[in-house]
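Below is the file start_6.cif, which contains mmCIF, C-alpha atoms and all ligand atoms.
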```cif
data_start
#
loop_
_atom_site.group_PDB
_atom_site.id
_atom_site.type_symbol
_atom_site.label_atom_id
_atom_site.label_comp_id
_atom_site.auth_asym_id
_atom_site.auth_seq_id
_atom_site.Cartn_x
_atom_site.Cartn_y
_atom_site.Cartn_z
ATOM 1 C CA MET W 30 -96.217 16.868 14.356
ATOM 2 C CA LYS W 31 -94.055 15.879 17.279
ATOM 3 C CA LEU W 32 -94.839 15.399 20.939
ATOM 4 C CA VAL W 33 -92.376 15.414 23.796
ATOM 5 C CA THR W 34 -92.366 12.128 25.720
ATOM 6 C CA THR W 35 -92.569 13.693 29.180
ATOM 7 C CA ASP W 36 -94.854 16.373 30.563
ATOM 8 C CA TYR W 37 -94.702 17.301 34.243
ATOM 9 C CA HIS W 38 -97.502 19.862 34.491
ATOM 10 C CA ILE W 39 -101.000 18.514 33.876
ATOM 11 C CA HIS W 40 -104.339 19.324 35.557
ATOM 12 C CA SER W 41 -107.209 16.897 36.069
ATOM 13 C CA THR W 42 -110.788 17.176 37.315
ATOM 14 C CA TRP W 43 -109.396 17.207 40.860
ATOM 15 C CA SER W 44 -108.885 20.942 40.174
ATOM 16 C CA ASP W 45 -109.687 22.936 37.020
ATOM 17 C CA GLY W 46 -108.728 20.372 34.381
ATOM 18 C CA TYR W 47 -111.351 18.769 32.135
ATOM 19 C CA SER W 48 -110.276 15.113 32.239
ATOM 20 C CA SER W 49 -109.937 12.508 34.931
ATOM 21 C CA ILE W 50 -106.466 11.252 35.786
ATOM 22 C CA GLU W 51 -107.355 7.918 34.238
ATOM 23 C CA SER W 52 -108.376 9.525 30.896
ATOM 24 C CA ILE W 53 -105.130 11.525 30.971
ATOM 25 C CA LEU W 54 -103.093 8.361 31.399
ATOM 26 C CA SER W 55 -104.884 6.354 28.738
ATOM 27 C CA TYR W 56 -104.507 9.290 26.299
ATOM 28 C CA CYS W 57 -100.785 9.544 27.061
ATOM 29 C CA VAL W 58 -100.247 5.814 26.599
ATOM 30 C CA ARG W 59 -102.084 5.975 23.262
ATOM 31 C CA LYS W 60 -99.856 8.840 22.116
ATOM 32 C CA GLY W 61 -96.674 7.110 23.244
ATOM 33 C CA LEU W 62 -95.599 9.382 26.107
ATOM 34 C CA LYS W 63 -93.160 7.784 28.548
ATOM 35 C CA ALA W 64 -93.653 9.736 31.773
ATOM 36 C CA VAL W 65 -96.072 12.361 33.025
ATOM 37 C CA GLY W 66 -96.849 14.237 36.201
ATOM 38 C CA VAL W 67 -100.291 15.285 37.390
ATOM 39 C CA THR W 68 -100.129 18.530 39.351
ATOM 40 C CA ASP W 69 -103.535 19.710 40.478
ATOM 41 C CA HIS W 70 -103.954 23.082 42.162
ATOM 42 C CA TYR W 71 -103.822 23.504 45.902
ATOM 43 C CA SER W 72 -105.508 26.877 46.304
ATOM 44 C CA HIS W 73 -108.186 28.642 48.326
ATOM 45 C CA ASN W 74 -109.282 30.319 45.113
ATOM 46 C CA THR W 75 -112.626 28.628 44.620
ATOM 47 C CA VAL W 76 -112.649 29.175 40.856
ATOM 48 C CA LYS W 77 -109.664 26.906 40.494
ATOM 49 C CA CYS W 78 -110.489 24.590 43.245
ATOM 50 C CA SER W 79 -111.250 22.138 44.094
ATOM 51 C CA GLN W 80 -111.922 18.732 45.282
ATOM 52 C CA ILE W 81 -108.371 18.657 46.572
ATOM 53 C CA MET W 82 -109.013 21.186 49.325
ATOM 54 C CA GLU W 83 -111.661 18.874 50.697
ATOM 55 C CA ASP W 84 -109.887 15.625 50.066
ATOM 56 C CA LEU W 85 -106.142 15.837 49.496
ATOM 57 C CA THR W 86 -105.779 12.253 50.683
ATOM 58 C CA GLY W 87 -108.312 11.057 48.099
ATOM 59 C CA TYR W 88 -106.359 12.853 45.347
ATOM 60 C CA PHE W 89 -103.105 11.281 46.479
ATOM 61 C CA GLN W 90 -104.614 7.806 46.800
ATOM 62 C CA GLU W 91 -106.050 7.986 43.298
ATOM 63 C CA LEU W 92 -102.641 8.996 41.938
ATOM 64 C CA GLU W 93 -101.024 6.141 43.793
ATOM 65 C CA ALA W 94 -103.565 3.561 42.604
ATOM 66 C CA LEU W 95 -103.238 4.670 38.966
ATOM 67 C CA CYS W 96 -99.477 4.813 39.217
ATOM 68 C CA GLU W 97 -99.594 1.123 40.140
ATOM 69 C CA ALA W 98 -102.267 0.197 37.570
ATOM 70 C CA TYR W 99 -100.280 1.797 34.712
ATOM 71 C CA ARG W 100 -96.786 0.881 35.867
ATOM 72 C CA ASP W 101 -96.015 -1.287 32.818
ATOM 73 C CA LYS W 102 -97.284 1.333 30.393
ATOM 74 C CA ILE W 103 -96.216 4.766 31.627
ATOM 75 C CA VAL W 104 -94.498 6.430 34.576
ATOM 76 C CA LEU W 105 -96.835 8.630 36.610
ATOM 77 C CA LYS W 106 -95.314 11.126 39.010
ATOM 78 C CA LYS W 107 -97.503 12.370 41.823
ATOM 79 C CA GLY W 108 -97.414 16.143 41.955
ATOM 80 C CA ILE W 109 -99.282 19.126 43.313
ATOM 81 C CA GLU W 110 -99.195 22.806 42.325
ATOM 82 C CA ILE W 111 -99.347 25.238 45.212
ATOM 83 C CA ASP W 112 -100.882 28.627 44.508
ATOM 84 C CA THR W 113 -98.691 31.004 46.524
ATOM 85 C CA ARG W 114 -101.202 33.828 46.022
ATOM 86 C CA ALA W 115 -104.077 31.910 47.538
ATOM 87 C CA CYS W 116 -102.814 29.869 50.428
ATOM 88 C CA VAL W 117 -100.292 30.164 53.245
ATOM 89 C CA PHE W 118 -98.456 26.975 52.408
ATOM 90 C CA ASP W 119 -96.015 27.300 55.308
ATOM 91 C CA SER W 120 -98.510 28.016 58.074
ATOM 92 C CA PRO W 121 -98.457 25.179 60.618
ATOM 93 C CA ARG W 122 -101.848 23.891 59.488
ATOM 94 C CA GLU W 123 -101.353 24.047 55.699
ATOM 95 C CA SER W 124 -97.837 22.757 55.880
ATOM 96 C CA ARG W 125 -99.050 19.769 57.914
ATOM 97 C CA VAL W 126 -101.736 19.027 55.323
ATOM 98 C CA LEU W 127 -99.356 19.450 52.381
ATOM 99 C CA THR W 128 -96.655 17.234 53.808
ATOM 100 C CA SER W 129 -99.086 14.559 54.980
ATOM 101 C CA GLN W 130 -98.695 12.641 51.704
ATOM 102 C CA LYS W 131 -95.464 11.670 49.967
ATOM 103 C CA PHE W 132 -95.740 13.538 46.685
ATOM 104 C CA ASP W 133 -92.940 13.077 44.144
ATOM 105 C CA TYR W 134 -92.790 16.819 43.614
ATOM 106 C CA TYR W 135 -94.328 20.196 44.452
ATOM 107 C CA LEU W 136 -94.722 23.044 42.002
ATOM 108 C CA PHE W 137 -95.075 26.583 43.357
ATOM 109 C CA GLU W 138 -96.880 29.020 41.136
ATOM 110 C CA TYR W 139 -96.884 32.858 41.001
ATOM 111 C CA VAL W 140 -93.648 33.143 42.933
ATOM 112 C CA THR W 141 -92.501 36.245 41.082
ATOM 113 C CA ASP W 142 -95.943 37.596 40.372
ATOM 114 C CA ASN W 143 -96.169 39.833 43.385
ATOM 115 C CA PHE W 144 -99.105 42.041 42.594
ATOM 116 C CA GLY W 145 -101.228 39.882 40.353
ATOM 117 C CA ALA W 146 -104.943 39.284 40.652
ATOM 118 C CA GLY W 147 -105.952 38.520 44.183
ATOM 119 C CA ALA W 148 -102.582 39.282 45.741
ATOM 120 C CA ASN W 149 -103.468 42.763 46.960
ATOM 121 C CA SER W 150 -106.337 41.512 49.019
ATOM 122 C CA LEU W 151 -104.129 39.156 50.952
ATOM 123 C CA PRO W 152 -102.997 40.135 54.443
ATOM 124 C CA TYR W 153 -99.468 38.799 53.993
ATOM 125 C CA LYS W 154 -98.505 40.862 50.954
ATOM 126 C CA ASN W 155 -94.972 41.632 52.147
ATOM 127 C CA ASN W 156 -94.435 37.972 52.598
ATOM 128 C CA ARG W 157 -94.942 37.629 48.864
ATOM 129 C CA LEU W 158 -91.924 39.604 47.741
ATOM 130 C CA PRO W 159 -90.170 37.179 45.356
ATOM 131 C CA LEU W 160 -87.022 36.728 47.437
ATOM 132 C CA VAL W 161 -88.995 36.355 50.662
ATOM 133 C CA LEU W 162 -91.207 33.808 48.965
ATOM 134 C CA LEU W 163 -88.232 31.865 47.614
ATOM 135 C CA ASN W 164 -86.772 31.688 51.104
ATOM 136 C CA ARG W 165 -90.086 30.471 52.477
ATOM 137 C CA ILE W 166 -90.130 27.743 49.820
ATOM 138 C CA ARG W 167 -86.555 26.794 50.749
ATOM 139 C CA GLU W 168 -87.657 26.399 54.386
ATOM 140 C CA PHE W 169 -90.755 24.416 53.381
ATOM 141 C CA LYS W 170 -88.583 22.036 51.336
ATOM 142 C CA LYS W 171 -86.590 21.172 54.454
ATOM 143 C CA ARG W 172 -89.707 19.513 55.875
ATOM 144 C CA LEU W 173 -89.935 17.140 52.903
ATOM 145 C CA PRO W 174 -88.208 13.814 52.295
ATOM 146 C CA LYS W 175 -84.812 14.225 50.582
ATOM 147 C CA ASP W 176 -85.961 12.665 47.295
ATOM 148 C CA CYS W 177 -88.952 14.976 46.915
ATOM 149 C CA LEU W 178 -88.386 17.618 44.236
ATOM 150 C CA VAL W 179 -89.585 21.199 44.461
ATOM 151 C CA GLY W 180 -89.867 23.553 41.525
ATOM 152 C CA LEU W 181 -91.139 26.892 40.294
ATOM 153 C CA ALA W 182 -94.019 26.699 37.832
ATOM 154 C CA HIS W 183 -94.061 29.212 34.959
ATOM 155 C CA ALA W 184 -91.962 31.666 36.978
ATOM 156 C CA TYR W 185 -91.362 35.042 35.333
ATOM 157 C CA LEU W 186 -87.866 35.268 36.783
ATOM 158 C CA HIS W 187 -86.779 37.582 33.989
ATOM 159 C CA ILE W 188 -88.918 40.416 35.410
ATOM 160 C CA LEU W 189 -86.729 40.682 38.498
ATOM 161 C CA PRO W 190 -84.195 43.509 38.567
ATOM 162 C CA LYS W 191 -80.714 42.177 37.744
ATOM 163 C CA GLU W 192 -79.385 42.032 41.309
ATOM 164 C CA GLU W 193 -82.552 40.454 42.597
ATOM 165 C CA LEU W 194 -82.407 37.847 39.843
ATOM 166 C CA GLU W 195 -78.851 36.936 40.843
ATOM 167 C CA GLU W 196 -79.965 36.653 44.461
ATOM 168 C CA ALA W 197 -82.923 34.509 43.367
ATOM 169 C CA ILE W 198 -80.556 32.251 41.396
ATOM 170 C CA LYS W 199 -78.425 31.786 44.509
ATOM 171 C CA ILE W 200 -81.455 30.648 46.504
ATOM 172 C CA ILE W 201 -82.655 28.390 43.662
ATOM 173 C CA VAL W 202 -79.231 26.716 43.438
ATOM 174 C CA ASP W 203 -78.758 26.498 47.191
ATOM 175 C CA ALA W 204 -82.230 25.041 47.789
ATOM 176 C CA ASP W 205 -81.960 22.834 44.692
ATOM 177 C CA LEU W 206 -85.237 24.044 43.197
ATOM 178 C CA PHE W 207 -85.988 23.227 39.591
ATOM 179 C CA VAL W 208 -87.332 25.813 37.162
ATOM 180 C CA GLU W 209 -90.110 24.914 34.764
ATOM 181 C CA LEU W 210 -90.205 25.889 31.100
ATOM 182 C CA ASN W 211 -93.934 26.238 30.614
ATOM 183 C CA SER W 212 -95.431 26.102 27.130
ATOM 184 C CA THR W 213 -98.659 27.877 28.111
ATOM 185 C CA TYR W 214 -96.968 30.912 29.700
ATOM 186 C CA GLN W 215 -93.920 30.656 27.382
ATOM 187 C CA ASN W 216 -91.687 32.035 30.145
ATOM 188 C CA TYR W 217 -88.634 30.440 28.480
ATOM 189 C CA LYS W 218 -89.000 32.844 25.531
ATOM 190 C CA MET W 219 -88.775 36.026 27.611
ATOM 191 C CA GLU W 220 -85.734 38.195 27.360
ATOM 192 C CA GLY W 221 -83.665 37.671 30.485
ATOM 193 C CA PHE W 222 -84.871 34.117 31.088
ATOM 194 C CA GLU W 223 -81.730 32.813 29.343
ATOM 195 C CA ARG W 224 -79.881 33.613 32.575
ATOM 196 C CA ILE W 225 -81.639 30.566 34.080
ATOM 197 C CA LEU W 226 -80.559 28.398 31.158
ATOM 198 C CA GLU W 227 -76.969 29.591 31.549
ATOM 199 C CA VAL W 228 -76.654 28.388 35.137
ATOM 200 C CA ASP W 229 -75.740 24.693 34.822
ATOM 201 C CA GLU W 230 -76.624 23.843 38.418
ATOM 202 C CA ILE W 231 -80.298 24.734 37.947
ATOM 203 C CA LYS W 232 -82.454 21.713 37.162
ATOM 204 C CA LEU W 233 -85.232 22.189 34.624
ATOM 205 C CA SER W 234 -88.615 20.715 33.845
ATOM 206 C CA LEU W 235 -90.922 20.815 30.855
ATOM 207 C CA GLY W 236 -94.612 21.382 31.474
ATOM 208 C CA SER W 237 -97.561 22.128 29.230
ATOM 209 C CA ASP W 238 -99.944 23.226 32.013
ATOM 210 C CA ALA W 239 -102.536 21.170 30.167
ATOM 211 C CA HIS W 240 -106.153 21.481 31.246
ATOM 212 C CA THR W 241 -107.385 19.476 28.237
ATOM 213 C CA LEU W 242 -105.982 16.317 26.684
ATOM 214 C CA HIS W 243 -104.844 17.828 23.394
ATOM 215 C CA GLN W 244 -102.433 20.210 25.176
ATOM 216 C CA ILE W 245 -100.428 17.396 26.753
ATOM 217 C CA GLY W 246 -96.883 16.859 25.433
ATOM 218 C CA LYS W 247 -96.887 19.937 23.195
ATOM 219 C CA LEU W 248 -93.471 20.943 24.397
ATOM 220 C CA THR W 249 -91.247 20.882 21.333
ATOM 221 C CA GLN W 250 -90.606 24.639 21.611
ATOM 222 C CA PRO W 251 -89.270 24.688 25.185
ATOM 223 C CA LEU W 252 -87.397 21.467 24.451
ATOM 224 C CA LYS W 253 -85.626 23.297 21.629
ATOM 225 C CA TYR W 254 -84.312 25.836 24.167
ATOM 226 C CA VAL W 255 -83.126 23.013 26.413
ATOM 227 C CA LYS W 256 -81.302 21.443 23.466
ATOM 228 C CA ASP W 257 -79.757 24.769 22.415
ATOM 229 C CA TYR W 258 -78.246 25.066 25.883
ATOM 230 C CA LYS W 259 -77.262 21.374 25.871
ATOM 231 C CA ALA W 260 -79.225 21.089 29.096
ATOM 232 C CA GLU W 261 -80.993 17.768 28.504
ATOM 233 C CA ASP W 262 -79.265 16.208 31.499
ATOM 234 C CA ARG W 263 -80.631 18.980 33.707
ATOM 235 C CA LEU W 264 -84.224 17.841 33.112
ATOM 236 C CA ILE W 265 -85.956 16.273 36.123
ATOM 237 C CA PHE W 266 -87.271 12.686 36.299
ATOM 238 C CA MET W 267 -85.466 11.415 33.223
ATOM 239 C CA ASP W 268 -84.261 8.058 34.574
ATOM 240 C CA GLY W 269 -84.345 5.575 31.762
ATOM 241 C CA ILE W 270 -85.965 7.980 29.291
ATOM 242 C CA LYS W 271 -83.740 8.239 26.231
ATOM 243 C CA GLU W 272 -86.263 9.288 23.648
ATOM 244 C CA LEU W 273 -87.311 12.899 24.155
ATOM 245 C CA GLU W 274 -89.593 13.345 21.174
ATOM 246 C CA ILE W 275 -91.990 11.181 19.210
ATOM 247 C CA GLU W 276 -93.266 11.700 15.709
ATOM 248 C CA LEU W 277 -97.041 11.391 15.560
HETATM 249 ZN ZN ZN D 301 -100.837 24.689 36.435
#
```
Kindly transcribe the structure held in the file into C-alpha cells.
Ligand SMILES: [Zn+2]
Amino acid sequence: MKLVTTDYHIHSTWSDGYSSIESILSYCVRKGLKAVGVTDHYSHNTVKCSQIMEDLTGYFQELEALCEAYRDKIVLKKGIEIDTRACVFDSPRESRVLTSQKFDYYLFEYVTDNFGAGANSLPYKNNRLPLVLLNRIREFKKRLPKDCLVGLAHAYLHILPKEELEEAIKIIVDADLFVELNSTYQNYKMEGFERILEVDEIKLSLGSDAHTLHQIGKLTQPLKYVKDYKAEDRLIFMDGIKELEIEL
C-alpha cells in the first residue's frame, strides 16, 4: 500500500476528530509523511463543534507550539475549516475572530451545497447561492495577509450549470482560491469536475478529511488525477517536497 506524503485536511479533537493534534503528528512521522495540515471545524453546528468556538486562540496556540516541537520531523500547517452553512464568517464579529490568528490557510466547506442539511433554516439563504458565496469568500480573503491561502473543501463544483461553473472558475482564478480534491467526498471523480483540472491557473490541494488516524494520507486516487493532468506543480504547500508517495 502507498500513502501520499502530504495531507492538508485533517480533524483533531478540537472539533469532531478522534485524535489529538499531537497523536496525529506522531502517527504521521511514524508513517513517513512530510507535511500535513490540521483543519478543525469552525461551525455553530454543535454536533461538529467544538472546543474551537470557545477557544480559537487555544487551538491556534497548540498548533503553533506543536509546529515548533516537530519542526525537524514534519511540516505542520495551521489551518481551519469554515462551515459556510453554520456561521456568518464575514459578519464583523466572526470575521474579527477568524482573522485574529495568522492561520496558514482557510478551507471553506459546503460552498456549492446550497440546500443541504441545515441550510434552509438559516436566515441568510440567498447569501448562500454559490456565486454569491464565492464572492463573499473573495472579499474575506482581502482581509488576510498576502501569504495566507484560501481554498474550497470538497466542493461539488461539477453540479453547477455550465455558465455558472465558468463564472465560478473566473472568481476562483481571480481570487486565487485553491480547490481541494477530497478523498472522502471523492469530488474529483465526478463528471464535470475535470473542468477544474483543465484550468492551469487553479491551484489544487489533496485532503483526506481524516477524522481517525488510519484515514490520513490515503490520497493515492486523487493524486492519480493530479498526475494525469500533469498538475503536480499546482499543488499547494509543496516547497521542498519532492517525494509525493511512500510505499508502506
Ligand atoms: Zn473536514
Protein and nucleic residues near ligand ZN 301 (chain D), 8 Å, all atoms listed in the file, as a ChimeraX atom specification: /W:38-40,68-70,110,138,182,238-239
Give me, as CSV, each residue of range 55-132 of chain W that comes within 10 Å of range 263-271 of chain W, together with its shortest interatomic pair and the distance in Å at one decimal, counting all atoms listed in the file, with rows ordered by chain and rising residue number.
```
residue,atom,partner,partner_atom,distance
W:Lys63,CA,W:Ile270,CA,7.2
W:Ala64,CA,W:Ile270,CA,8.3
W:Val65,CA,W:Phe266,CA,9.4
W:Gly66,CA,W:Phe266,CA,9.7
W:Val104,CA,W:Phe266,CA,9.7
W:Lys106,CA,W:Phe266,CA,8.6
```
Within 8 Å of range 219-234 of chain W, which residues of range 121-205 of chain W show up? Give each one with its shortest atom-to-atom distance in Å (one decimal) and the two atoms involved, counting only C-alpha atoms, rows by chain then rising residue number, as JSON lines.
```
{"residue": "W:Tyr185", "atom": "CA", "partner": "W:Phe222", "partner_atom": "CA", "distance": 7.8}
{"residue": "W:Leu186", "atom": "CA", "partner": "W:Phe222", "partner_atom": "CA", "distance": 6.5}
{"residue": "W:His187", "atom": "CA", "partner": "W:Gly221", "partner_atom": "CA", "distance": 4.7}
{"residue": "W:Ile188", "atom": "CA", "partner": "W:Gly221", "partner_atom": "CA", "distance": 7.7}
{"residue": "W:Ile198", "atom": "CA", "partner": "W:Ile225", "partner_atom": "CA", "distance": 7.6}
{"residue": "W:Ile201", "atom": "CA", "partner": "W:Ile231", "partner_atom": "CA", "distance": 7.2}
{"residue": "W:Val202", "atom": "CA", "partner": "W:Ile231", "partner_atom": "CA", "distance": 5.9}
{"residue": "W:Asp205", "atom": "CA", "partner": "W:Ile231", "partner_atom": "CA", "distance": 7.2}
```
CA of Asp36 in chain W to CA of Leu252 in chain W, distance in Å rounded to a single decimal: 10.9 Å
Asn156 in chain W surroundings by all atoms listed in the file, 9 Å radius, close-in-sequence under 5 positions cut, as a PyMOL selection string: chain W and resi 161-162+165
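For the choices W:Asp142, W:Asp101, W:Glu192, W:Asp133, the atom-to-atom distance to Cys177 in chain W is smallest for W:Asp133 when using only C-alpha atoms.
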Expected selection from the PyMOL selection byres (((chain W and resi 183) around 6) and not hetatm), given as a ChimeraX atom specification: /W:182,184,209,211
Interatomic distance (Å, one decimal) between CA of Lys131 in chain W and CA of Lys170 in chain W: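 About the pair CA of Lys131 in chain W and CA of Lys170 in chain W: they are 12.5 Å apart.
Nearest-residue note for Tyr37 in chain W: choosing from W:Ile166, W:Ala94, W:Leu62, W:Val126, the minimum distance belongs to W:Leu62, counting all atoms listed in the file.
Remark: residues at most 12 Å from position (-108.2, 16.7, 50.0) in file coordinates are Trp43, Ser44, Asp69, His70, Tyr71, Ser72, Cys78, Ser79, Gln80, Ile81, Met82, Glu83, Asp84, Leu85, Thr86, Gly87, Tyr88, Phe89, Gln90, Glu91, Ile109, Glu123, Val126, Leu127, Ser129 and Gln130 of chain W, using only C-alpha atoms.
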So which residues get picked by the PyMOL selection byres (((chain W and resi 246) around 6) and not hetatm) here, written as a PDB file with C-alpha atoms, in the frame of the given file?
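Once everything was written out, this is out_5.pdb:
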```pdb
ATOM      1  CA  LEU W  32     -94.839  15.399  20.939  1.00  0.00           C
ATOM      2  CA  VAL W  33     -92.376  15.414  23.796  1.00  0.00           C
ATOM      3  CA  ASP W  36     -94.854  16.373  30.563  1.00  0.00           C
ATOM      4  CA  ILE W 245    -100.428  17.396  26.753  1.00  0.00           C
ATOM      5  CA  LYS W 247     -96.887  19.937  23.195  1.00  0.00           C
ATOM      6  CA  LEU W 248     -93.471  20.943  24.397  1.00  0.00           C
TER       7      LEU W 248
END
```
Distance criterion (only C-alpha atoms): nearest to Lys102 in chain W out of W:Asn216, W:Ser48, W:Thr241, W:Ser55: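 For Lys102 in chain W, the nearest of the given residues is W:Ser55.
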Nearest candidate to Leu273 in chain W (options W:Tyr56, W:Leu163, W:Thr249, W:Ser237; using only C-alpha atoms): W:Thr249
Å distance separating CA of Lys259 in chain W from CA of Leu206 in chain W, one decimal place: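 Calculated distance between CA of Lys259 in chain W and CA of Leu206 in chain W is 19.3 Å.
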